[in-house]
Every structure is written in C-alpha cells, then in structure tokens.
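Colleague: Next comes input_16.cif, mmCIF, C-alpha atoms:
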```cif
data_input
#
loop_
_atom_site.label_atom_id
_atom_site.label_comp_id
_atom_site.auth_asym_id
_atom_site.auth_seq_id
_atom_site.Cartn_x
_atom_site.Cartn_y
_atom_site.Cartn_z
CA MET A 19 85.90 116.25 80.38
CA MET A 20 85.28 118.78 77.60
CA PRO A 21 82.33 118.04 75.32
CA THR A 22 82.89 116.99 71.73
CA ALA A 23 80.48 117.81 68.91
CA THR A 24 80.44 116.93 65.22
CA LEU A 25 80.63 120.32 63.53
CA ASN A 26 81.57 121.17 59.94
CA GLY A 27 81.94 117.44 59.30
CA ILE A 28 84.54 116.71 62.00
CA ARG A 29 84.71 116.20 65.76
CA LEU A 30 85.61 119.38 67.64
CA ASN A 31 86.46 119.39 71.33
CA TYR A 32 85.26 122.53 73.13
CA ASP A 33 84.59 124.05 76.55
CA VAL A 34 82.28 126.85 77.71
CA THR A 35 82.52 128.75 80.99
CA GLY A 36 80.51 131.65 82.43
CA THR A 37 77.41 133.56 81.41
CA GLY A 38 76.85 136.65 79.33
CA PRO A 39 77.88 137.67 75.80
CA LEU A 40 79.85 134.95 74.03
CA VAL A 41 83.62 135.27 73.51
CA VAL A 42 85.30 132.56 71.40
CA LEU A 43 89.07 132.15 71.78
CA VAL A 44 91.08 130.69 68.88
CA MET A 45 94.51 129.26 69.66
CA GLY A 46 97.63 129.32 67.50
CA SER A 47 99.40 126.53 65.65
CA GLY A 48 100.23 123.36 67.54
CA SER A 49 98.58 124.33 70.84
CA PRO A 50 95.35 123.16 72.51
CA GLY A 51 92.54 125.51 73.46
CA ARG A 52 93.12 124.87 77.17
CA VAL A 53 96.12 127.23 77.05
CA TRP A 54 93.62 130.10 77.27
CA ARG A 55 92.23 128.77 80.54
CA THR A 56 95.25 129.77 82.62
CA TYR A 57 94.70 133.52 82.38
CA GLN A 58 92.26 134.72 79.72
CA VAL A 59 89.21 132.57 80.54
CA PRO A 60 89.05 133.51 84.26
CA ALA A 61 89.50 137.21 83.51
CA LEU A 62 86.84 137.26 80.81
CA VAL A 63 84.36 135.26 82.92
CA LYS A 64 84.93 137.67 85.82
CA ALA A 65 84.22 140.54 83.40
CA GLY A 66 80.81 139.04 82.61
CA PHE A 67 81.37 136.98 79.47
CA ARG A 68 80.53 133.42 78.45
CA VAL A 69 83.85 132.11 77.16
CA ALA A 70 84.38 129.25 74.71
CA THR A 71 87.68 127.55 73.97
CA PHE A 72 88.18 124.66 71.56
CA ASP A 73 90.88 122.51 70.03
CA ASN A 74 91.42 123.44 66.40
CA ARG A 75 91.33 120.57 63.92
CA GLY A 76 94.74 118.98 64.08
CA ILE A 77 94.80 119.02 67.89
CA ALA A 78 93.44 115.86 69.54
CA PRO A 79 90.85 115.01 70.74
CA SER A 80 89.45 117.14 67.90
CA ASP A 81 89.94 115.39 64.57
CA GLU A 82 93.60 115.55 63.53
CA SER A 83 92.90 115.73 59.77
CA PRO A 84 96.13 114.00 58.70
CA ASP A 85 95.25 114.42 55.02
CA GLY A 86 95.71 118.17 55.28
CA ILE A 87 94.26 121.35 56.76
CA THR A 88 93.46 124.65 55.10
CA MET A 89 92.74 128.08 56.48
CA ASP A 90 89.25 127.79 55.04
CA ASP A 91 88.78 124.63 57.14
CA LEU A 92 89.74 126.45 60.34
CA VAL A 93 87.53 129.41 59.51
CA ALA A 94 84.53 127.16 58.84
CA ASP A 95 85.21 125.21 62.04
CA THR A 96 85.22 128.39 64.11
CA ALA A 97 82.02 129.59 62.46
CA ALA A 98 80.43 126.22 63.29
CA VAL A 99 81.46 126.54 66.95
CA ILE A 100 79.87 130.00 67.19
CA GLU A 101 76.65 128.80 65.55
CA HIS A 102 76.57 125.66 67.72
CA LEU A 103 76.80 127.77 70.88
CA GLY A 104 74.07 130.13 69.69
CA GLY A 105 75.86 133.30 70.73
CA THR A 106 75.71 135.31 67.54
CA PRO A 107 77.00 137.84 67.09
CA ALA A 108 79.97 136.76 69.20
CA HIS A 109 83.21 138.41 70.16
CA ILE A 110 86.21 136.50 68.83
CA VAL A 111 89.85 136.53 69.89
CA GLY A 112 92.76 134.72 68.22
CA THR A 113 96.52 134.57 68.53
CA SER A 114 99.11 133.93 65.80
CA MET A 115 97.52 131.38 63.42
CA GLY A 116 94.32 131.99 65.38
CA ALA A 117 94.55 135.70 64.59
CA ARG A 118 94.54 134.84 60.88
CA VAL A 119 91.47 132.67 61.47
CA VAL A 120 89.78 135.59 63.24
CA ALA A 121 90.56 138.01 60.41
CA GLU A 122 89.36 135.62 57.73
CA LEU A 123 86.17 134.76 59.61
CA THR A 124 85.41 138.43 60.28
CA LEU A 125 85.83 139.04 56.55
CA ALA A 126 83.82 136.02 55.39
CA ARG A 127 81.04 135.95 58.01
CA PRO A 128 80.58 139.40 59.56
CA ASP A 129 77.08 138.33 60.60
CA LEU A 130 78.65 136.05 63.23
CA ILE A 131 80.98 138.66 64.72
CA ASP A 132 80.45 141.53 67.12
CA LYS A 133 84.07 142.55 67.84
CA ALA A 134 87.34 140.88 66.88
CA VAL A 135 90.74 140.86 68.57
CA LEU A 136 93.90 139.74 66.78
CA LEU A 137 96.99 138.97 68.89
CA ALA A 138 100.39 138.56 67.18
CA ALA A 139 98.77 139.07 63.79
CA THR A 140 100.19 139.08 60.30
CA GLY A 141 98.45 139.39 56.95
CA ARG A 142 101.28 138.40 54.63
CA PRO A 143 104.07 135.85 54.27
CA ASP A 144 107.30 136.49 56.18
CA PRO A 145 110.49 134.83 54.88
CA VAL A 146 111.93 134.03 58.30
CA ALA A 147 108.68 132.51 59.59
CA HIS A 148 108.30 130.60 56.31
CA THR A 149 111.79 129.13 56.54
CA LEU A 150 111.33 128.18 60.20
CA ASN A 151 108.03 126.49 59.34
CA ARG A 152 109.67 124.48 56.55
CA GLY A 153 112.42 123.46 58.94
CA GLU A 154 109.92 122.27 61.53
CA GLN A 155 108.14 120.21 58.88
CA ALA A 156 111.46 118.69 57.78
CA LEU A 157 112.36 117.69 61.33
CA ILE A 158 109.09 115.79 61.64
CA ASP A 159 109.24 114.25 58.18
CA GLU A 160 112.84 113.10 58.64
CA LYS A 161 112.08 111.87 62.19
CA VAL A 162 114.75 114.07 63.71
CA ALA A 163 114.27 114.45 67.48
CA LEU A 164 116.22 117.34 68.97
CA PRO A 165 117.57 116.81 72.50
CA PRO A 166 114.81 118.08 74.83
CA GLN A 167 117.09 120.57 76.58
CA TYR A 168 118.16 122.09 73.26
CA ALA A 169 114.58 122.16 71.94
CA ALA A 170 113.47 123.91 75.15
CA ALA A 171 116.17 126.56 74.87
CA ILE A 172 115.33 127.28 71.23
CA LYS A 173 111.62 127.55 72.01
CA ALA A 174 112.33 129.94 74.86
CA ILE A 175 114.53 132.16 72.71
CA LEU A 176 111.96 132.26 69.89
CA ASN A 177 108.82 132.79 71.96
CA LEU A 178 109.72 134.68 75.14
CA SER A 179 110.87 138.21 75.83
CA PRO A 180 114.50 138.93 76.82
CA HIS A 181 112.99 140.49 79.96
CA THR A 182 111.52 137.11 80.91
CA LEU A 183 114.72 135.25 80.11
CA ALA A 184 116.75 137.69 82.23
CA ASP A 185 114.79 136.55 85.29
CA THR A 186 116.61 133.33 86.26
CA GLU A 187 113.70 131.80 88.16
CA ARG A 188 111.07 132.57 85.53
CA ALA A 189 113.35 131.45 82.72
CA GLN A 190 113.96 128.10 84.43
CA GLN A 191 110.24 127.59 84.97
CA TRP A 192 109.59 128.11 81.27
CA LEU A 193 112.51 125.88 80.28
CA ASP A 194 111.16 123.09 82.47
CA ILE A 195 107.75 123.37 80.80
CA PHE A 196 109.24 123.42 77.31
CA GLU A 197 111.60 120.52 78.03
CA TYR A 198 108.73 118.39 79.28
CA GLY A 199 106.70 119.17 76.14
CA ALA A 200 109.69 118.45 73.89
CA THR A 201 109.67 114.78 74.87
CA ALA A 202 106.42 114.17 72.99
CA THR A 203 106.47 113.08 69.35
CA PRO A 204 104.65 115.66 67.17
CA SER A 205 101.25 114.34 66.13
CA VAL A 206 100.01 113.93 62.57
CA GLY A 207 97.59 116.76 63.31
CA VAL A 208 100.34 119.18 64.33
CA ARG A 209 102.20 118.22 61.15
CA ALA A 210 99.05 118.94 59.15
CA GLN A 211 98.76 122.39 60.75
CA LEU A 212 102.40 123.14 59.93
CA GLY A 213 101.75 122.16 56.31
CA MET A 214 98.99 124.71 55.77
CA ASP A 215 99.42 127.16 52.89
CA ARG A 216 100.51 130.50 54.36
CA SER A 217 101.70 132.04 51.08
CA ARG A 218 98.88 134.51 50.39
CA ASN A 219 99.17 138.21 51.11
CA ARG A 220 95.77 139.16 52.52
CA LEU A 221 96.36 142.77 53.54
CA ALA A 222 94.46 144.23 50.60
CA ASP A 223 91.49 141.95 51.34
CA TYR A 224 91.41 143.08 54.96
CA ALA A 225 90.32 146.50 53.71
CA HIS A 226 86.86 144.91 53.36
CA ILE A 227 86.53 143.94 57.04
CA THR A 228 83.63 145.87 58.54
CA ARG A 229 83.52 144.74 62.18
CA PRO A 230 85.35 146.61 64.97
CA CYS A 231 88.83 145.16 65.41
CA LEU A 232 91.66 145.46 67.91
CA VAL A 233 95.14 144.33 66.88
CA VAL A 234 97.58 143.61 69.72
CA GLY A 235 101.32 143.39 69.10
CA PHE A 236 103.90 142.00 71.50
CA ALA A 237 106.93 144.29 71.61
CA ASP A 238 109.58 141.53 71.78
CA ASP A 239 107.86 139.04 69.47
CA ARG A 240 110.47 137.33 67.27
CA MET A 241 107.97 134.99 65.60
CA VAL A 242 105.55 137.73 64.49
CA PRO A 243 107.30 141.10 64.90
CA PRO A 244 104.88 143.84 65.96
CA ALA A 245 105.47 145.72 62.70
CA LEU A 246 103.46 142.99 60.98
CA GLY A 247 100.56 143.59 63.37
CA ARG A 248 100.69 147.31 62.71
CA GLU A 249 100.33 146.50 59.00
CA VAL A 250 97.18 144.50 59.75
CA ALA A 251 95.73 147.32 61.85
CA THR A 252 96.45 149.80 59.06
CA ALA A 253 94.79 147.54 56.50
CA ILE A 254 91.53 147.09 58.47
CA PRO A 255 89.34 150.20 58.35
CA GLY A 256 88.99 151.78 61.80
CA ALA A 257 91.04 149.09 63.57
CA ARG A 258 92.77 149.98 66.82
CA TYR A 259 96.35 148.94 67.54
CA THR A 260 98.01 148.50 70.91
CA GLU A 261 101.39 147.06 71.84
CA ILE A 262 102.26 145.22 75.03
CA GLU A 263 105.77 145.73 76.38
CA LYS A 264 108.18 143.15 77.81
CA CYS A 265 106.67 140.09 76.14
CA GLY A 266 107.29 137.90 73.13
CA HIS A 267 105.11 135.61 71.04
CA TYR A 268 103.53 134.16 74.18
CA GLY A 269 102.57 137.60 75.41
CA TYR A 270 99.17 136.44 76.64
CA LEU A 271 101.06 134.19 79.08
CA GLU A 272 104.02 136.49 79.84
CA GLN A 273 102.00 139.66 80.44
CA PRO A 274 98.47 138.31 81.01
CA ASP A 275 97.23 141.23 83.10
CA GLU A 276 98.09 143.75 80.39
CA VAL A 277 96.68 141.57 77.64
CA ASN A 278 93.48 140.87 79.56
CA ARG A 279 93.05 144.56 80.33
CA ALA A 280 93.30 145.40 76.62
CA LEU A 281 90.83 142.66 75.69
CA ILE A 282 88.24 143.60 78.28
CA GLU A 283 88.48 147.34 77.68
CA PHE A 284 87.88 146.79 73.97
CA LEU A 285 85.12 144.21 74.31
CA THR A 286 83.19 146.30 76.85
CA SER A 287 83.62 149.68 75.14
#
```
Here is the file; what I need is its structure written in the form of structure tokens.

Modeller:
Amino acid sequence: MMPTATLNGIRLNYDVTGTGPLVVLVMGSGSPGRVWRTYQVPALVKAGFRVATFDNRGIAPSDESPDGITMDDLVADTAAVIEHLGGTPAHIVGTSMGARVVAELTLARPDLIDKAVLLAATGRPDPVAHTLNRGEQALIDEKVALPPQYAAAIKAILNLSPHTLADTERAQQWLDIFEYGATATPSVGVRAQLGMDRSRNRLADYAHITRPCLVVGFADDRMVPPALGREVATAIPGARYTEIEKCGHYGYLEQPDEVNRALIEFLTS
C-alpha cells in the first residue's frame, strides 16, 4: 500500500521507488499517479533515479477537495511532496494538466527544481479543449451516463493515435480498458479537477522560467495539439522541444520507449 502523508494541509498518497537523484512525476487530470508505473517508473529507476509518483488532490485516496481545486493548490502540493522527500533540487515531469503544474512550479519555486519536462503542454486556453471540458462537467452535473461502449470509443478517438487505432488488436485492448473504466461514476474529486480555472494565458509569464526545460509534443494529439507545446517551448528561454510520432494524448503509454528515451537523455545530459 502506498504511504499517505499530510502535506500542504491535505492527505496526499505517494510512492517512491529506486535510489539516486529524485524524479517526481505529475499526472494529468482525472488519472492516478500509478499510471506512470507501467512504463516510466521502471525505465527511470533502471537509469539510476529515485522516482516518486503521487495522486493529485482530487484523486482518492488523496483528499478529493470537493469544494474546489486551483492550479496554485496543485503547485503547492507538488512542492510539498518534493520537500517531504528531501530530494531538492529534483527533476520533475508532468503530462497535460501535470505539465501546467510543472511549468508553474518551475516558475514559482526554481529552488526546488533541477530539470523540468513537460509532456502534452499548453500555456494558454484552447476553445476546443475548453468546450470539451465544459461538456464533461455538464455530463457529471446532470448525471448523464453515456453507454460504456460509446464512452470508450470517444475516449479512444480523442486520446489515441490513428496508427494505434488502425491496429485491430491494440485498438480492442484499449477499448476494453476504456469500457471497463467508463462503468465507474466520476468522483467528486475528478469533478473538482474538471472545474479548475484554465482561462489564463501564461505564455508571457513562462519567459521568466530559468530552469532547463524539455517540452515533448505528441504528433497525433487531438487534446493538446503539438503546436501548443511548441508555443510553450518558444516561450521558455532555452527550452528544448521534441515531438514523438505515431501517438496521441496518451503518448507516454502508446510510445513509451521513445518517450522514456527522451526523458532519460534530457535528465542525464
């Protein structure tokens, strides 16, 4: 069982594996930290890192914060995890919402950060993502449950590459996973994450980030098109940008070897 600590005034569920320099992995909206353990944690541990994953507030058994969640909350939580583990300065990696957390933490607390990696990153509002987010909130608020098969197909189309979906066996494996997950009622914590304010354009502020950064785009990402990641890399002084082919928003699961190679090359350079 993963340990739980009271940090930044809430309970946070976390896990640490390996020895060496600390790498903290920050997951995206609605997903638990254990998602990283399939591919990224083993690769980073093998490369000589101590790797920490945790469940962001909103994801049980961390506190679900039903009264609301802000980006500042998530940033402060991540800072508290780093300080609790005593690995400063730490490397930090985040995807999607987690990438925004990484950027904001690197800006606010550069003393805690060695290098930062942002997967599927954006620094400004996007009208399509905003409308989808509002629709997801409305489904929960109006207690509308989509048929699991339909929900699975939509999730696959939005988050996976056409190259993955063209492989009948792989596509069915993903659909089975998504259909199983679609049977669960969204928690109050997931709803709180969806309700976060994402309206601020932060690209100009990212010009003040001083730590080395790598931005990774996923070529077939429909949720966060890679052009948005290139904007982030351009905004951050000296940031590197790389793009992984044949993967969508879940690129770290679709093309884990390529993603892990990019992470490790950057963190060890």

Colleague: Find the residue from A:Gln273, A:Asn219, A:Thr22, A:Thr113 that sits nearest to Phe72 (chain A); use all atoms listed in the file when measuring.

Modeller: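 Closest residue, counting all atoms listed in the file: A:Thr22.
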
Colleague: Can you work out which one of A:Thr106, A:Asn31, A:Asn74, A:Asn177 has the shortest atom-to-atom distance to Tyr268 (chain A), counting only C-alpha atoms?

Modeller: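 Result for the nearest residue to Tyr268 (chain A): A:Asn177.
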
Colleague: Show which residues sit within 7 Å of Glu197 (chain A), as a PyMOL selection string. Count all atoms listed in the file, and ignore same-chain residues fewer than 2 positions away.

Modeller: chain A and resi 166-167+169-170+193-195+199-201

Colleague: Given the file shown, enumerate the residues that the PyMOL selection byres ((chain A and resi 48-64) around 8) captures and present them as a ChimeraX atom specification.

Modeller: /A:32,35-37,43-47,65-69,71-74,76-77,208,211-212,270-271,274,278,282

Colleague: With all atoms listed in the file as the basis for distance, which of A:Ala138, A:Ile158, A:Ile172, A:Ala280 is at the shortest distance from Val206 (chain A)?

Modeller: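 Counting all atoms listed in the file, the residue closest to Val206 (chain A) is A:Ile158.
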
Colleague: Report, in Å to a single decimal, how far apart CA of Glu261 (chain A) and CA of Asp223 (chain A) are.

Modeller: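 Between these atoms lies a distance of 23.3 Å.
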
Colleague: From the set A:Gln191, A:Ser287, A:Ser205, A:Thr24, which residue has the shortest atom-to-atom contact distance to Gln155 (chain A), counting only C-alpha atoms?

Modeller: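 Looking only at the distances to Gln155 (chain A), the closest residue turns out to be A:Ser205.
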
Colleague: Near Pro255 (chain A), counting only C-alpha atoms, which residues have an atom at most 12 Å away, once you skip same-chain residues fewer than 2 positions from it, shown as JSON, numbers by chain?

Modeller: {"A": [125, 221, 222, 223, 224, 225, 226, 227, 228, 229, 230, 231, 232, 233, 249, 250, 251, 252, 253, 257, 258, 259]}

Colleague: Rounded to one decimal, what separation in Å do you get between CA of Glu276 (chain A) and CA of Gly141 (chain A)?

Modeller: 23.8 Å

Colleague: Go through the shown structure with the PyMOL selection byres ((chain A and resi 189) around 12) and write out the matching residues as a compact mmCIF listing (two decimals) with C-alpha atoms, in the frame of the given file.

Modeller:
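Saved file selection-v6.txt follows:
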```txt
# COMPACT_ATOMS: atom_id res chain seq x y z
CA ALA A 170 113.47 123.91 75.15
CA ALA A 171 116.17 126.56 74.87
CA LYS A 173 111.62 127.55 72.01
CA ALA A 174 112.33 129.94 74.86
CA ILE A 175 114.53 132.16 72.71
CA ASN A 177 108.82 132.79 71.96
CA LEU A 178 109.72 134.68 75.14
CA SER A 179 110.87 138.21 75.83
CA PRO A 180 114.50 138.93 76.82
CA HIS A 181 112.99 140.49 79.96
CA THR A 182 111.52 137.11 80.91
CA LEU A 183 114.72 135.25 80.11
CA ALA A 184 116.75 137.69 82.23
CA ASP A 185 114.79 136.55 85.29
CA THR A 186 116.61 133.33 86.26
CA GLU A 187 113.70 131.80 88.16
CA ARG A 188 111.07 132.57 85.53
CA GLN A 190 113.96 128.10 84.43
CA GLN A 191 110.24 127.59 84.97
CA TRP A 192 109.59 128.11 81.27
CA LEU A 193 112.51 125.88 80.28
CA ASP A 194 111.16 123.09 82.47
CA ILE A 195 107.75 123.37 80.80
CA PHE A 196 109.24 123.42 77.31
CA GLU A 272 104.02 136.49 79.84
```

Colleague: Where atoms are missing, can you supply all heavy atoms for region 56-67 of chain A and output the lot as a PDB file, in the frame of the given file?

Modeller:
```
ATOM      1  N   THR A  56      94.390 129.345  81.519  1.00  0.00           N
ATOM      2  CA  THR A  56      95.250 129.770  82.620  1.00  0.00           C
ATOM      3  C   THR A  56      94.956 131.207  83.030  1.00  0.00           C
ATOM      4  O   THR A  56      94.801 131.505  84.221  1.00  0.00           O
ATOM      5  CB  THR A  56      96.731 129.633  82.225  1.00  0.00           C
ATOM      6  OG1 THR A  56      96.995 128.287  81.818  1.00  0.00           O
ATOM      7  CG2 THR A  56      97.635 129.991  83.397  1.00  0.00           C
ATOM      8  N   TYR A  57      94.850 132.104  82.065  1.00  0.00           N
ATOM      9  CA  TYR A  57      94.700 133.520  82.380  1.00  0.00           C
ATOM     10  C   TYR A  57      93.485 134.181  81.727  1.00  0.00           C
ATOM     11  O   TYR A  57      92.757 134.928  82.371  1.00  0.00           O
ATOM     12  CB  TYR A  57      95.957 134.298  81.967  1.00  0.00           C
ATOM     13  CG  TYR A  57      97.202 133.888  82.710  1.00  0.00           C
ATOM     14  CD1 TYR A  57      98.248 133.268  82.036  1.00  0.00           C
ATOM     15  CD2 TYR A  57      97.332 134.128  84.072  1.00  0.00           C
ATOM     16  CE1 TYR A  57      99.408 132.895  82.702  1.00  0.00           C
ATOM     17  CE2 TYR A  57      98.489 133.762  84.750  1.00  0.00           C
ATOM     18  CZ  TYR A  57      99.527 133.150  84.063  1.00  0.00           C
ATOM     19  OH  TYR A  57     100.659 132.775  84.733  1.00  0.00           O
ATOM     20  N   GLN A  58      93.278 133.942  80.427  1.00  0.00           N
ATOM     21  CA  GLN A  58      92.260 134.720  79.720  1.00  0.00           C
ATOM     22  C   GLN A  58      90.837 134.297  80.109  1.00  0.00           C
ATOM     23  O   GLN A  58      89.976 135.163  80.313  1.00  0.00           O
ATOM     24  CB  GLN A  58      92.445 134.575  78.199  1.00  0.00           C
ATOM     25  CG  GLN A  58      93.550 135.452  77.637  1.00  0.00           C
ATOM     26  CD  GLN A  58      94.938 135.068  78.097  1.00  0.00           C
ATOM     27  OE1 GLN A  58      95.319 133.905  77.976  1.00  0.00           O
ATOM     28  NE2 GLN A  58      95.686 136.026  78.625  1.00  0.00           N
ATOM     29  N   VAL A  59      90.572 133.001  80.216  1.00  0.00           N
ATOM     30  CA  VAL A  59      89.210 132.570  80.540  1.00  0.00           C
ATOM     31  C   VAL A  59      88.754 133.127  81.888  1.00  0.00           C
ATOM     32  O   VAL A  59      87.667 133.715  81.979  1.00  0.00           O
ATOM     33  CB  VAL A  59      89.072 131.044  80.461  1.00  0.00           C
ATOM     34  CG1 VAL A  59      87.719 130.599  81.021  1.00  0.00           C
ATOM     35  CG2 VAL A  59      89.225 130.563  79.017  1.00  0.00           C
ATOM     36  N   PRO A  60      89.527 132.970  82.981  1.00  0.00           N
ATOM     37  CA  PRO A  60      89.050 133.510  84.260  1.00  0.00           C
ATOM     38  C   PRO A  60      88.805 135.010  84.236  1.00  0.00           C
ATOM     39  O   PRO A  60      87.819 135.490  84.811  1.00  0.00           O
ATOM     40  CB  PRO A  60      90.187 133.156  85.238  1.00  0.00           C
ATOM     41  CG  PRO A  60      90.902 132.012  84.604  1.00  0.00           C
ATOM     42  CD  PRO A  60      90.798 132.230  83.128  1.00  0.00           C
ATOM     43  N   ALA A  61      89.670 135.751  83.562  1.00  0.00           N
ATOM     44  CA  ALA A  61      89.500 137.210  83.510  1.00  0.00           C
ATOM     45  C   ALA A  61      88.253 137.596  82.739  1.00  0.00           C
ATOM     46  O   ALA A  61      87.510 138.507  83.148  1.00  0.00           O
ATOM     47  CB  ALA A  61      90.741 137.854  82.888  1.00  0.00           C
ATOM     48  N   LEU A  62      88.000 136.927  81.621  1.00  0.00           N
ATOM     49  CA  LEU A  62      86.840 137.260  80.810  1.00  0.00           C
ATOM     50  C   LEU A  62      85.538 136.840  81.503  1.00  0.00           C
ATOM     51  O   LEU A  62      84.533 137.554  81.431  1.00  0.00           O
ATOM     52  CB  LEU A  62      86.950 136.601  79.441  1.00  0.00           C
ATOM     53  CG  LEU A  62      88.001 137.224  78.504  1.00  0.00           C
ATOM     54  CD1 LEU A  62      88.326 136.290  77.353  1.00  0.00           C
ATOM     55  CD2 LEU A  62      87.524 138.573  77.984  1.00  0.00           C
ATOM     56  N   VAL A  63      85.548 135.688  82.169  1.00  0.00           N
ATOM     57  CA  VAL A  63      84.360 135.260  82.920  1.00  0.00           C
ATOM     58  C   VAL A  63      84.072 136.263  84.034  1.00  0.00           C
ATOM     59  O   VAL A  63      82.916 136.657  84.259  1.00  0.00           O
ATOM     60  CB  VAL A  63      84.563 133.841  83.475  1.00  0.00           C
ATOM     61  CG1 VAL A  63      83.470 133.496  84.489  1.00  0.00           C
ATOM     62  CG2 VAL A  63      84.561 132.823  82.330  1.00  0.00           C
ATOM     63  N   LYS A  64      85.097 136.691  84.745  1.00  0.00           N
ATOM     64  CA  LYS A  64      84.930 137.670  85.820  1.00  0.00           C
ATOM     65  C   LYS A  64      84.365 138.984  85.279  1.00  0.00           C
ATOM     66  O   LYS A  64      83.612 139.687  85.965  1.00  0.00           O
ATOM     67  CB  LYS A  64      86.263 137.918  86.514  1.00  0.00           C
ATOM     68  CG  LYS A  64      86.170 138.848  87.716  1.00  0.00           C
ATOM     69  CD  LYS A  64      87.515 138.993  88.400  1.00  0.00           C
ATOM     70  CE  LYS A  64      87.412 139.947  89.597  1.00  0.00           C
ATOM     71  NZ  LYS A  64      88.742 140.105  90.278  1.00  0.00           N
ATOM     72  N   ALA A  65      84.713 139.309  84.019  1.00  0.00           N
ATOM     73  CA  ALA A  65      84.220 140.540  83.400  1.00  0.00           C
ATOM     74  C   ALA A  65      82.801 140.408  82.859  1.00  0.00           C
ATOM     75  O   ALA A  65      82.249 141.374  82.317  1.00  0.00           O
ATOM     76  CB  ALA A  65      85.161 140.963  82.270  1.00  0.00           C
ATOM     77  N   GLY A  66      82.206 139.205  82.986  1.00  0.00           N
ATOM     78  CA  GLY A  66      80.810 139.040  82.610  1.00  0.00           C
ATOM     79  C   GLY A  66      80.555 138.391  81.275  1.00  0.00           C
ATOM     80  O   GLY A  66      79.457 138.530  80.713  1.00  0.00           O
ATOM     81  N   PHE A  67      81.534 137.634  80.768  1.00  0.00           N
ATOM     82  CA  PHE A  67      81.370 136.980  79.470  1.00  0.00           C
ATOM     83  C   PHE A  67      81.210 135.465  79.617  1.00  0.00           C
ATOM     84  O   PHE A  67      81.668 134.871  80.591  1.00  0.00           O
ATOM     85  CB  PHE A  67      82.593 137.261  78.584  1.00  0.00           C
ATOM     86  CG  PHE A  67      82.736 138.698  78.176  1.00  0.00           C
ATOM     87  CD1 PHE A  67      83.645 139.530  78.820  1.00  0.00           C
ATOM     88  CD2 PHE A  67      81.954 139.225  77.160  1.00  0.00           C
ATOM     89  CE1 PHE A  67      83.782 140.858  78.445  1.00  0.00           C
ATOM     90  CE2 PHE A  67      82.079 140.555  76.773  1.00  0.00           C
ATOM     91  CZ  PHE A  67      82.993 141.372  77.423  1.00  0.00           C
TER      92      PHE A  67
END
```
